[in-house]
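Structure data follow from model_21.cif (mmCIF, C-alpha atoms):
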data_query
loop_
_atom_site.label_atom_id
_atom_site.label_comp_id
_atom_site.auth_asym_id
_atom_site.auth_seq_id
_atom_site.Cartn_x
_atom_site.Cartn_y
_atom_site.Cartn_z
CA MET A 949 -70.12 103.69 151.91
CA GLN A 950 -71.32 101.01 149.52
CA VAL A 951 -72.38 97.64 150.85
CA TRP A 952 -72.15 94.64 148.52
CA ARG A 953 -74.31 91.60 148.96
CA PRO A 954 -72.47 88.22 148.85
CA ARG A 955 -73.83 87.29 145.43
CA ASP A 956 -72.67 90.66 144.06
CA LEU A 957 -69.19 89.98 145.37
CA VAL A 958 -69.12 86.56 143.75
CA ARG A 959 -70.12 88.13 140.44
CA HIS A 960 -67.35 90.72 140.70
CA VAL A 961 -64.78 88.09 141.67
CA GLN A 962 -65.86 86.08 138.64
CA SER A 963 -65.44 89.04 136.31
CA PHE A 964 -62.02 89.94 137.66
CA TRP A 965 -60.93 86.31 137.52
CA ASN A 966 -61.83 86.24 133.84
CA LEU A 967 -60.01 89.53 133.39
CA PHE A 968 -56.81 87.84 134.52
CA GLY A 969 -57.22 85.19 131.83
CA LEU A 970 -58.71 82.34 133.84
CA GLN A 971 -61.74 80.65 132.31
CA ARG A 972 -63.64 80.05 135.52
CA ILE A 973 -63.40 80.77 139.20
CA PRO A 974 -62.31 77.70 141.22
CA GLN A 975 -64.57 76.45 143.99
CA CYS A 976 -62.83 78.67 146.48
CA ILE A 977 -65.70 80.72 147.91
CA ARG A 978 -67.83 78.43 150.01
CA HIS A 979 -69.00 80.78 152.74
CA LEU A 980 -69.64 84.54 152.69
CA SER A 981 -70.46 86.52 155.83
CA LEU A 982 -71.27 90.23 156.08
CA VAL A 983 -70.09 91.93 159.28
CA SER A 984 -72.13 94.77 160.75
CA ARG A 985 -69.13 97.11 160.91
CA PRO A 986 -67.34 99.32 158.33
CA THR A 987 -65.06 96.40 157.58
CA PHE A 988 -66.46 94.09 154.93
CA ALA A 989 -65.16 90.66 155.88
CA VAL A 990 -65.35 87.72 153.58
CA TYR A 991 -64.57 84.22 154.77
CA THR A 992 -63.35 82.09 151.91
CA MET A 993 -61.96 78.58 151.85
CA MET A 994 -59.51 78.36 148.98
CA TYR A 995 -58.43 74.80 149.46
CA ASN A 996 -59.45 73.92 145.89
CA LEU A 997 -57.38 76.77 144.49
CA SER A 998 -53.96 76.01 143.04
CA ALA A 999 -50.97 77.27 145.01
CA THR A 1000 -49.73 79.23 141.98
CA ALA A 1001 -52.99 81.11 141.66
CA ALA A 1002 -53.08 81.82 145.39
CA ALA A 1003 -49.56 83.23 145.32
CA ARG A 1004 -50.44 85.38 142.33
CA PHE A 1005 -53.65 86.90 143.64
CA LEU A 1006 -53.34 86.93 147.42
CA CYS A 1007 -53.36 90.54 148.63
CA GLY A 1008 -54.67 90.28 152.18
CA PRO A 1009 -57.84 91.57 153.90
CA VAL A 1010 -59.97 94.05 152.01
CA ARG A 1011 -61.93 97.04 153.34
CA ILE A 1012 -65.09 98.04 151.57
CA GLY A 1013 -63.82 101.58 151.08
CA THR A 1014 -60.59 100.44 149.37
CA LEU A 1015 -61.87 97.55 147.30
CA ARG A 1016 -59.79 97.22 144.13
CA PRO A 1017 -59.85 94.69 141.29
CA ARG A 1018 -56.47 93.29 142.27
CA CYS A 1019 -57.66 92.71 145.85
CA VAL A 1020 -60.93 90.97 145.09
CA CYS A 1021 -59.07 87.81 144.09
CA GLY A 1022 -57.14 87.86 147.35
CA LEU A 1023 -59.97 87.44 149.82
CA VAL A 1024 -58.98 84.56 152.07
CA ASP A 1025 -59.72 83.60 155.66
CA VAL A 1026 -59.83 87.16 157.01
CA LEU A 1027 -62.09 86.11 159.87
CA ARG A 1028 -59.79 83.55 161.44
CA GLY A 1029 -57.23 84.18 164.15
CA PRO A 1030 -56.63 83.95 167.90
CA GLY A 1031 -59.61 83.75 170.16
CA THR A 1032 -61.32 80.86 168.42
CA ASP A 1033 -63.41 78.86 170.84
CA ASN A 1034 -61.89 75.41 171.13
CA GLU A 1035 -64.93 73.99 172.90
CA GLN A 1036 -66.94 74.53 169.74
CA ALA A 1037 -64.25 72.87 167.67
CA LYS A 1038 -65.09 69.52 169.24
CA SER A 1039 -68.25 69.37 167.18
CA GLY A 1040 -66.44 70.33 163.99
CA ARG A 1041 -67.53 73.95 164.14
CA LEU A 1042 -65.17 76.87 163.63
CA VAL A 1043 -66.21 79.98 165.60
CA LEU A 1044 -64.85 83.19 164.11
CA PRO A 1045 -65.03 86.27 166.39
CA VAL A 1046 -65.14 89.44 164.26
CA ALA A 1047 -66.22 92.93 165.35
CA SER A 1048 -69.53 92.81 167.23
CA ARG A 1049 -70.84 89.59 165.70
CA VAL A 1050 -69.72 85.99 165.69
CA PHE A 1051 -70.25 83.75 162.69
CA SER A 1052 -70.06 79.98 162.91
CA ARG A 1053 -68.95 77.99 159.89
CA SER A 1054 -68.29 74.29 159.52
CA ALA A 1055 -64.61 73.42 159.34
CA VAL A 1056 -63.34 71.27 156.45
CA GLN A 1057 -65.28 68.05 156.72
CA ARG A 1058 -63.54 64.71 156.57
CA PRO A 1059 -65.10 61.75 154.82
CA ARG A 1060 -67.36 59.63 157.00
CA SER A 1061 -65.13 56.59 156.60
CA ALA A 1062 -62.20 58.54 158.02
CA LYS A 1063 -64.34 59.88 160.85
CA ARG A 1064 -65.49 56.40 161.86
CA SER A 1065 -61.91 55.17 162.26
CA PHE A 1066 -61.19 57.87 164.83
CA ARG A 1067 -64.56 57.90 166.61
CA SER A 1068 -63.39 56.05 169.71
CA ALA A 1069 -60.31 58.24 170.16
CA ALA A 1070 -62.31 61.44 169.75
CA ALA A 1071 -64.91 60.13 172.19
CA LEU A 1072 -62.16 59.37 174.70
CA VAL A 1073 -60.90 62.95 174.51
CA SER A 1074 -64.41 64.43 174.68
CA ARG A 1075 -65.06 62.56 177.95
CA ALA A 1076 -61.78 63.61 179.55
CA PRO A 1077 -61.71 66.26 182.31
CA SER A 1078 -61.71 69.79 180.95
CA SER A 1079 -58.27 70.50 182.37
CA TRP A 1080 -56.83 67.56 180.42
CA LYS A 1081 -58.38 68.31 177.06
CA PRO A 1082 -55.89 70.96 175.81
CA PHE A 1083 -53.01 68.58 176.49
CA LEU A 1084 -54.75 65.65 174.82
CA TYR A 1085 -55.42 67.82 171.78
CA LEU A 1086 -51.78 68.94 171.88
CA MET A 1087 -50.73 65.28 171.70
CA ARG A 1088 -53.33 64.62 168.93
CA VAL A 1089 -54.88 61.82 170.98
CA ASP A 1090 -58.12 62.51 169.10
CA LYS A 1091 -56.37 61.79 165.77
CA PRO A 1092 -54.55 58.46 166.16
CA ILE A 1093 -53.65 58.08 162.47
CA GLY A 1094 -50.23 59.63 163.14
CA THR A 1095 -49.55 57.12 165.91
CA TRP A 1096 -50.49 54.28 163.56
CA LEU A 1097 -48.13 55.54 160.86
CA LEU A 1098 -45.31 55.78 163.40
CA PHE A 1099 -46.07 52.40 164.97
CA LEU A 1100 -46.51 50.27 161.83
CA PRO A 1101 -42.87 50.31 160.62
CA CYS A 1102 -41.92 49.13 164.13
CA THR A 1103 -44.31 46.19 163.80
CA TRP A 1104 -42.91 45.26 160.38
CA SER A 1105 -39.41 45.08 161.78
CA ILE A 1106 -40.40 43.15 164.92
CA ALA A 1107 -42.40 40.66 162.86
CA LEU A 1108 -39.58 40.18 160.33
CA ALA A 1109 -37.15 39.49 163.17
CA ALA A 1110 -39.41 36.85 164.77
CA ALA A 1111 -38.25 33.24 164.66
CA PRO A 1112 -39.72 31.10 161.83
CA GLY A 1113 -43.09 29.64 162.75
CA THR A 1114 -43.77 32.15 165.54
CA LEU A 1115 -45.77 35.34 166.00
CA PRO A 1116 -44.03 38.63 166.86
CA ASP A 1117 -43.24 39.25 170.52
CA ALA A 1118 -46.43 40.66 172.10
CA ARG A 1119 -44.47 42.41 174.87
CA LEU A 1120 -42.33 44.28 172.37
CA LEU A 1121 -45.37 45.22 170.30
CA ALA A 1122 -47.02 46.64 173.42
CA LEU A 1123 -43.89 48.59 174.41
CA PHE A 1124 -43.48 49.99 170.92
CA GLY A 1125 -47.19 50.86 170.75
CA VAL A 1126 -47.03 52.91 173.93
CA GLY A 1127 -43.71 54.40 172.84
CA ALA A 1128 -45.15 55.38 169.45
CA ALA A 1129 -48.07 57.17 171.11
CA LEU A 1130 -45.72 59.05 173.45
CA MET A 1131 -43.19 60.00 170.78
CA ARG A 1132 -45.91 61.04 168.35
CA GLY A 1133 -47.34 63.26 171.08
CA ALA A 1134 -43.90 64.66 171.83
CA GLY A 1135 -43.28 65.33 168.16
CA CYS A 1136 -46.61 67.15 167.82
CA THR A 1137 -45.79 69.23 170.91
CA ILE A 1138 -42.40 70.22 169.49
CA ASN A 1139 -44.02 71.00 166.14
CA ASP A 1140 -46.65 73.21 167.76
CA LEU A 1141 -44.07 75.04 169.85
CA TRP A 1142 -42.08 75.90 166.71
CA ASP A 1143 -45.17 76.72 164.64
CA ARG A 1144 -47.55 78.40 167.09
CA ASP A 1145 -47.40 81.74 165.25
CA ILE A 1146 -47.81 80.07 161.85
CA ASP A 1147 -50.69 77.89 163.07
CA LYS A 1148 -52.75 80.98 163.91
CA LYS A 1149 -52.78 81.89 160.22
CA VAL A 1150 -53.80 78.47 158.89
CA HIS A 1151 -57.43 77.41 158.90
CA ARG A 1152 -56.79 73.75 159.68
CA THR A 1153 -54.45 74.48 162.61
CA ALA A 1154 -55.95 77.64 164.12
CA LEU A 1155 -57.70 75.61 166.82
CA ARG A 1156 -54.58 73.90 168.13
CA PRO A 1157 -54.11 74.66 171.84
CA LEU A 1158 -50.94 76.73 171.53
CA ALA A 1159 -52.21 78.67 168.52
CA ALA A 1160 -55.56 79.39 170.17
CA GLY A 1161 -53.95 80.24 173.52
CA THR A 1162 -55.69 77.60 175.62
CA ILE A 1163 -52.32 76.55 177.03
CA THR A 1164 -49.06 78.47 177.38
CA PRO A 1165 -45.68 77.54 175.88
CA PHE A 1166 -44.38 76.80 179.37
CA GLN A 1167 -47.21 74.35 180.01
CA ALA A 1168 -46.47 72.73 176.64
CA LEU A 1169 -42.80 72.37 177.62
CA LEU A 1170 -43.81 70.66 180.86
CA ALA A 1171 -46.04 68.29 178.89
CA LEU A 1172 -43.17 67.61 176.50
CA ALA A 1173 -40.82 66.81 179.39
CA GLY A 1174 -43.36 64.35 180.79
CA GLN A 1175 -43.84 62.61 177.45
CA LEU A 1176 -40.11 62.31 176.80
CA SER A 1177 -39.52 60.99 180.32
CA LEU A 1178 -42.12 58.27 179.87
CA ALA A 1179 -40.74 57.44 176.42
CA LEU A 1180 -37.26 57.12 177.94
CA GLY A 1181 -38.66 54.68 180.48
CA ILE A 1182 -40.03 52.58 177.60
CA LEU A 1183 -36.71 52.73 175.76
CA LEU A 1184 -34.79 51.60 178.84
CA CYS A 1185 -36.78 48.34 178.79
CA LEU A 1186 -34.84 47.39 175.63
CA ASN A 1187 -31.22 46.31 175.13
CA TRP A 1188 -28.46 48.93 175.16
CA TYR A 1189 -27.94 48.80 171.39
CA SER A 1190 -31.60 49.73 171.00
CA VAL A 1191 -31.36 52.44 173.67
CA LEU A 1192 -28.54 54.20 171.83
CA LEU A 1193 -30.21 53.70 168.46
CA GLY A 1194 -33.52 55.06 169.73
CA ALA A 1195 -31.94 58.08 171.43
CA SER A 1196 -30.21 59.04 168.18
CA SER A 1197 -33.59 59.67 166.54
CA LEU A 1198 -34.22 62.72 168.75
CA LEU A 1199 -32.18 64.89 166.36
CA PHE A 1200 -34.77 64.32 163.63
CA VAL A 1201 -37.70 64.71 166.05
CA VAL A 1202 -36.51 68.16 167.18
CA THR A 1203 -35.38 69.53 163.81
CA TYR A 1204 -38.18 68.27 161.54
CA PRO A 1205 -40.54 71.23 162.21
CA LEU A 1206 -37.82 73.63 161.06
CA MET A 1207 -37.36 71.91 157.70
CA LYS A 1208 -40.52 73.42 156.19
CA ARG A 1209 -38.87 76.84 156.54
CA ILE A 1210 -35.68 75.70 154.81
CA THR A 1211 -36.48 73.16 152.12
CA TYR A 1212 -39.30 71.95 149.90
CA TRP A 1213 -38.55 68.42 151.19
CA PRO A 1214 -39.67 68.44 154.85
CA GLN A 1215 -41.54 65.20 154.13
CA PHE A 1216 -38.18 63.53 153.50
CA VAL A 1217 -37.01 64.46 157.02
CA LEU A 1218 -40.35 63.30 158.41
CA GLY A 1219 -39.76 59.97 156.67
CA LEU A 1220 -36.34 59.66 158.31
CA THR A 1221 -38.04 60.28 161.67
CA PHE A 1222 -41.23 58.25 161.36
CA ASN A 1223 -39.54 55.09 160.09
CA TRP A 1224 -36.78 54.86 162.68
CA GLY A 1225 -38.77 52.00 164.17
CA ALA A 1226 -37.89 49.89 161.12
CA LEU A 1227 -34.35 49.84 162.52
CA LEU A 1228 -35.24 49.85 166.20
CA GLY A 1229 -37.71 46.95 166.09
CA TRP A 1230 -35.19 44.50 164.62
CA ALA A 1231 -32.52 45.66 167.08
CA ALA A 1232 -34.91 45.14 170.00
CA VAL A 1233 -35.43 41.51 168.97
CA LYS A 1234 -31.95 40.55 167.76
CA GLY A 1235 -29.68 42.89 169.73
CA SER A 1236 -28.30 44.57 166.58
CA CYS A 1237 -29.37 45.44 163.05
CA ASP A 1238 -29.08 43.16 160.05
CA TRP A 1239 -28.54 45.91 157.51
CA SER A 1240 -29.41 43.66 154.55
CA VAL A 1241 -32.98 43.59 155.90
CA CYS A 1242 -33.24 46.79 157.93
CA LEU A 1243 -31.96 49.27 155.35
CA PRO A 1244 -34.35 48.18 152.54
CA LEU A 1245 -37.20 48.18 155.06
CA TYR A 1246 -36.24 51.66 156.30
CA PHE A 1247 -35.96 52.91 152.72
CA SER A 1248 -39.42 51.50 151.96
CA GLY A 1249 -40.88 53.33 154.93
CA LEU A 1250 -39.18 56.54 153.83
CA MET A 1251 -40.72 56.26 150.35
CA TRP A 1252 -44.09 55.45 151.91
CA THR A 1253 -43.94 58.61 154.03
CA LEU A 1254 -43.17 60.69 150.94
CA VAL A 1255 -46.32 59.26 149.35
CA TYR A 1256 -48.80 59.75 152.18
CA ASP A 1257 -47.44 63.01 153.55
CA THR A 1258 -47.27 64.64 150.13
CA ILE A 1259 -50.95 63.76 149.76
CA TYR A 1260 -51.57 65.18 153.24
CA ALA A 1261 -49.65 68.38 152.40
CA HIS A 1262 -51.95 69.12 149.47
CA GLN A 1263 -54.64 69.97 152.04
CA ASP A 1264 -52.58 72.95 153.20
CA LYS A 1265 -50.89 74.14 150.02
CA VAL A 1266 -52.78 77.44 149.82
CA ASP A 1267 -52.12 78.27 153.46
CA ASP A 1268 -48.48 77.21 153.01
CA VAL A 1269 -48.13 79.84 150.29
CA ILE A 1270 -49.78 82.43 152.52
CA VAL A 1271 -47.50 81.86 155.52
CA GLY A 1272 -44.38 81.16 153.46
CA VAL A 1273 -43.58 77.54 154.36
CA LYS A 1274 -42.54 74.80 151.96
CA SER A 1275 -43.64 71.26 151.20
CA THR A 1276 -43.34 68.57 148.56
CA ALA A 1277 -46.92 69.40 147.54
CA LEU A 1278 -45.72 72.86 146.48
CA ARG A 1279 -42.53 71.45 144.98
CA PHE A 1280 -44.32 68.90 142.80
CA GLY A 1281 -47.46 70.91 141.95
CA ASP A 1282 -49.19 69.47 138.90
CA ASP A 1283 -46.48 66.78 138.62
CA THR A 1284 -47.46 65.20 141.94
CA LYS A 1285 -48.76 61.95 140.46
CA PRO A 1286 -45.54 61.05 138.55
CA TRP A 1287 -43.54 61.71 141.72
CA LEU A 1288 -45.88 59.60 143.84
CA THR A 1289 -45.67 56.83 141.27
CA ALA A 1290 -41.86 56.86 141.48
CA PHE A 1291 -41.96 56.78 145.29
CA SER A 1292 -44.45 53.90 145.22
CA LEU A 1293 -42.29 51.85 142.88
CA ALA A 1294 -39.27 52.50 145.10
CA MET A 1295 -41.26 51.40 148.15
CA ILE A 1296 -42.29 48.14 146.49
CA GLY A 1297 -38.69 47.53 145.45
CA GLY A 1298 -37.49 48.05 149.01
CA LEU A 1299 -40.13 45.75 150.47
CA THR A 1300 -39.25 43.05 147.96
CA THR A 1301 -35.54 43.34 148.75
CA ALA A 1302 -36.20 43.17 152.50
CA GLY A 1303 -38.41 40.10 152.04
CA VAL A 1304 -35.81 38.28 149.96
CA SER A 1305 -33.07 39.13 152.50
CA ALA A 1306 -35.25 37.89 155.36
CA ASP A 1307 -36.12 34.68 153.45
CA GLN A 1308 -39.85 35.41 153.59
CA ALA A 1309 -42.44 33.00 152.20
CA PHE A 1310 -44.98 33.64 149.45
CA PRO A 1311 -47.74 35.23 151.66
CA TYR A 1312 -45.39 38.14 152.22
CA PHE A 1313 -44.96 38.74 148.51
CA ILE A 1314 -48.71 38.47 147.97
CA ALA A 1315 -49.08 41.25 150.54
CA VAL A 1316 -46.45 43.29 148.70
CA ALA A 1317 -48.44 42.85 145.49
CA GLY A 1318 -51.56 44.00 147.35
CA THR A 1319 -49.60 47.00 148.61
CA ALA A 1320 -48.66 47.87 145.04
CA CYS A 1321 -52.33 47.75 144.03
CA HIS A 1322 -53.31 49.91 147.00
CA LEU A 1323 -50.68 52.52 146.11
CA ALA A 1324 -51.68 52.46 142.45
CA HIS A 1325 -55.31 53.09 143.42
CA GLN A 1326 -54.29 55.95 145.71
CA VAL A 1327 -52.27 57.68 143.01
CA TRP A 1328 -54.63 56.95 140.12
CA THR A 1329 -57.77 58.25 141.86
CA LEU A 1330 -56.15 61.13 143.77
CA ASP A 1331 -57.49 64.64 143.23
CA VAL A 1332 -54.89 66.92 144.75
CA ASN A 1333 -57.33 69.85 144.76
CA ASP A 1334 -59.96 68.02 146.82
CA THR A 1335 -59.09 68.24 150.52
CA GLY A 1336 -61.61 65.60 151.53
CA GLU A 1337 -60.18 63.17 148.99
CA CYS A 1338 -56.63 63.93 150.14
CA TRP A 1339 -57.55 63.18 153.74
CA LYS A 1340 -59.29 59.96 152.77
CA LYS A 1341 -56.26 58.77 150.80
CA PHE A 1342 -53.91 59.76 153.63
CA ALA A 1343 -55.96 57.93 156.28
CA SER A 1344 -56.19 54.79 154.13
CA ASN A 1345 -52.47 54.23 154.62
CA ARG A 1346 -53.16 52.71 158.02
CA ASN A 1347 -54.83 49.79 156.23
CA LEU A 1348 -51.90 49.58 153.81
CA GLY A 1349 -49.49 49.25 156.73
CA LEU A 1350 -51.65 46.60 158.36
CA LEU A 1351 -51.70 44.67 155.07
CA ILE A 1352 -47.90 44.56 155.04
CA LEU A 1353 -47.85 43.44 158.70
CA ALA A 1354 -50.33 40.64 157.94
CA GLY A 1355 -48.14 39.48 155.04
CA ILE A 1356 -45.02 39.42 157.22
CA MET A 1357 -46.74 37.49 160.00
CA SER A 1358 -48.24 34.96 157.58
CA GLY A 1359 -44.94 34.46 155.79
CA THR A 1360 -43.06 33.98 159.07
CA LEU A 1361 -45.59 31.44 160.34
CA LEU A 1362 -45.43 29.49 157.10
CA ARG A 1363 -41.65 29.25 157.36
CA GLY A 1364 -41.89 27.30 160.61
#

Represent the supplied structure as structure tokens.
Amino acid sequence: MQVWRPRDLVRHVQSFWNLFGLQRIPQCIRHLSLVSRPTFAVYTMMYNLSATAAARFLCGPVRIGTLRPRCVCGLVDVLRGPGTDNEQAKSGRLVLPVASRVFSRSAVQRPRSAKRSFRSAAALVSRAPSSWKPFLYLMRVDKPIGTWLLFLPCTWSIALAAAPGTLPDARLLALFGVGAALMRGAGCTINDLWDRDIDKKVHRTALRPLAAGTITPFQALLALAGQLSLALGILLCLNWYSVLLGASSLLFVVTYPLMKRITYWPQFVLGLTFNWGALLGWAAVKGSCDWSVCLPLYFSGLMWTLVYDTIYAHQDKVDDVIVGVKSTALRFGDDTKPWLTAFSLAMIGGLTTAGVSADQAFPYFIAVAGTACHLAHQVWTLDVNDTGECWKKFASNRNLGLLILAGIMSGTLLRG
């Protein structure tokens, strides 16, 4: 049986790639590992490969004895799967158990600026008792960017509803902050319960507790019940209009993970879910919604989610093709930037309308202008085939949301 060295394989992949009419091989093969068994396993990271090319050439794992030209271009992540050591994942290492040997490869690295913003949360999880860690990872406590993106629309609404010349209610901000953390954790738990079989096949999600088997579905359901119970306790601290409005969002929370199996627009449903706080925050302050302010604000948040989560989805587009799920990243493809531009313009229009309806002062509109510049920079400099760049752009949306909050607070104070 012939054994090919890694550089020989790269040369053959290059020749077959050219045979199919492509001028050059994308930067898809970053790591090659030779297993000391009859199976020749190649670990490739194809995150810089277009989804169309992946769909065209993906043919599954390849054995050395049955290597064919049409299969060479389909070598992708054949070393991943259940059994990955989650303890090693804490240090950013992906341990891949294959045959009689174990190879360790670095997982996709995030930019240092993104890492710094989550250092304290990751440190908190790393110091937690071992029995707690799977549940904290299940709730994504180590990655608080999702909590920020859920919490910020709530803060916009609470700040807009504040009386002229005053700051937003600190008690409500605290309640909504805790509620956002709990509901984000609950949403992640529901997502992982639906997707545990899919997550095993995706490089970025193979280490999640349910996919890796470090906790059982029953334990995840118990954790979900606890999170929802605590979130209900937070909700009951608000007025009854807000209680009913908040409870109605559960339909989106439960069904969102299914949307990626049905439609290329799951990010739209995520936007409906993540921006519910734009309605709930105003209701918590005023006792009901002023739709002339709340609807444009909610619409703005929805457009914002379509921007940042489409960028986020480009990290997984190859794996999405492999496992057969859908996203706006796959729907838009090479036309992503025009779509993101349209969503950004719609977001700015919604923020402007909400500010006019709420009688905001000029600092608010300066912040909206800054938001437009931030979005333009995101779209203009985005490389949808660079996973590190996509993550950096996605994570930067926390600062965008804080910019809008600062504008609202300044405008409200100036009105006093």

Which residues are close to stretch 1164-1168 of chain A, i.e. within 12 Å by all atoms listed in the file, leaving aside same-chain residues fewer than 6 positions away? Reply as an mmCIF file with C-alpha atoms, in the coordinates of the input.
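See part_25.cif below for the written result:
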data_model
loop_
_atom_site.group_PDB
_atom_site.id
_atom_site.type_symbol
_atom_site.label_atom_id
_atom_site.label_comp_id
_atom_site.auth_asym_id
_atom_site.auth_seq_id
_atom_site.Cartn_x
_atom_site.Cartn_y
_atom_site.Cartn_z
ATOM 1 C CA SER A 1079 -58.270 70.500 182.370
ATOM 2 C CA TRP A 1080 -56.830 67.560 180.420
ATOM 3 C CA PRO A 1082 -55.890 70.960 175.810
ATOM 4 C CA PHE A 1083 -53.010 68.580 176.490
ATOM 5 C CA LEU A 1084 -54.750 65.650 174.820
ATOM 6 C CA TYR A 1085 -55.420 67.820 171.780
ATOM 7 C CA LEU A 1086 -51.780 68.940 171.880
ATOM 8 C CA MET A 1087 -50.730 65.280 171.700
ATOM 9 C CA GLY A 1133 -47.340 63.260 171.080
ATOM 10 C CA ALA A 1134 -43.900 64.660 171.830
ATOM 11 C CA GLY A 1135 -43.280 65.330 168.160
ATOM 12 C CA CYS A 1136 -46.610 67.150 167.820
ATOM 13 C CA THR A 1137 -45.790 69.230 170.910
ATOM 14 C CA ILE A 1138 -42.400 70.220 169.490
ATOM 15 C CA ASN A 1139 -44.020 71.000 166.140
ATOM 16 C CA ASP A 1140 -46.650 73.210 167.760
ATOM 17 C CA LEU A 1141 -44.070 75.040 169.850
ATOM 18 C CA TRP A 1142 -42.080 75.900 166.710
ATOM 19 C CA ASP A 1143 -45.170 76.720 164.640
ATOM 20 C CA ARG A 1144 -47.550 78.400 167.090
ATOM 21 C CA ASP A 1145 -47.400 81.740 165.250
ATOM 22 C CA ARG A 1156 -54.580 73.900 168.130
ATOM 23 C CA PRO A 1157 -54.110 74.660 171.840
ATOM 24 C CA LEU A 1158 -50.940 76.730 171.530
ATOM 25 C CA GLY A 1174 -43.360 64.350 180.790
ATOM 26 C CA GLN A 1175 -43.840 62.610 177.450
#

Would you mind reading off the distance between atom CA of A:Pro1092 and atom CA of A:Arg1279, one decimal, in Å?
->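 The value is 27.6 Å.
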
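Nearest to A:Phe1216 of all the residues A:Pro1244, A:Gly1094, A:Gly1249, A:Gly1161 is A:Gly1249, counting only C-alpha atoms.
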
From the list A:Val1332, A:Ile1296, A:Leu1353, A:Met1251, which residue is nearest A:Gly1281 when using all atoms listed in the file?
->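 Answer, going by the shortest atom-to-atom distance: A:Val1332.
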
Would you list the contacts of A:Ala1129 as a PyMOL selection string, taking every protein, DNA or RNA residue within 12 Å and counting all atoms listed in the file, but skipping same-chain residues closer than 3 positions in sequence?
-> chain A and resi 1084+1087-1100+1122-1126+1132-1136+1175-1176+1178-1179+1182+1222

Go through A:Val1191, A:Val1266, A:Ala1107, A:Leu1121 and flag the residue nearest A:Tyr1312, using only C-alpha atoms for the distances.
->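 Looking only at the distances to A:Tyr1312, the closest residue turns out to be A:Ala1107.
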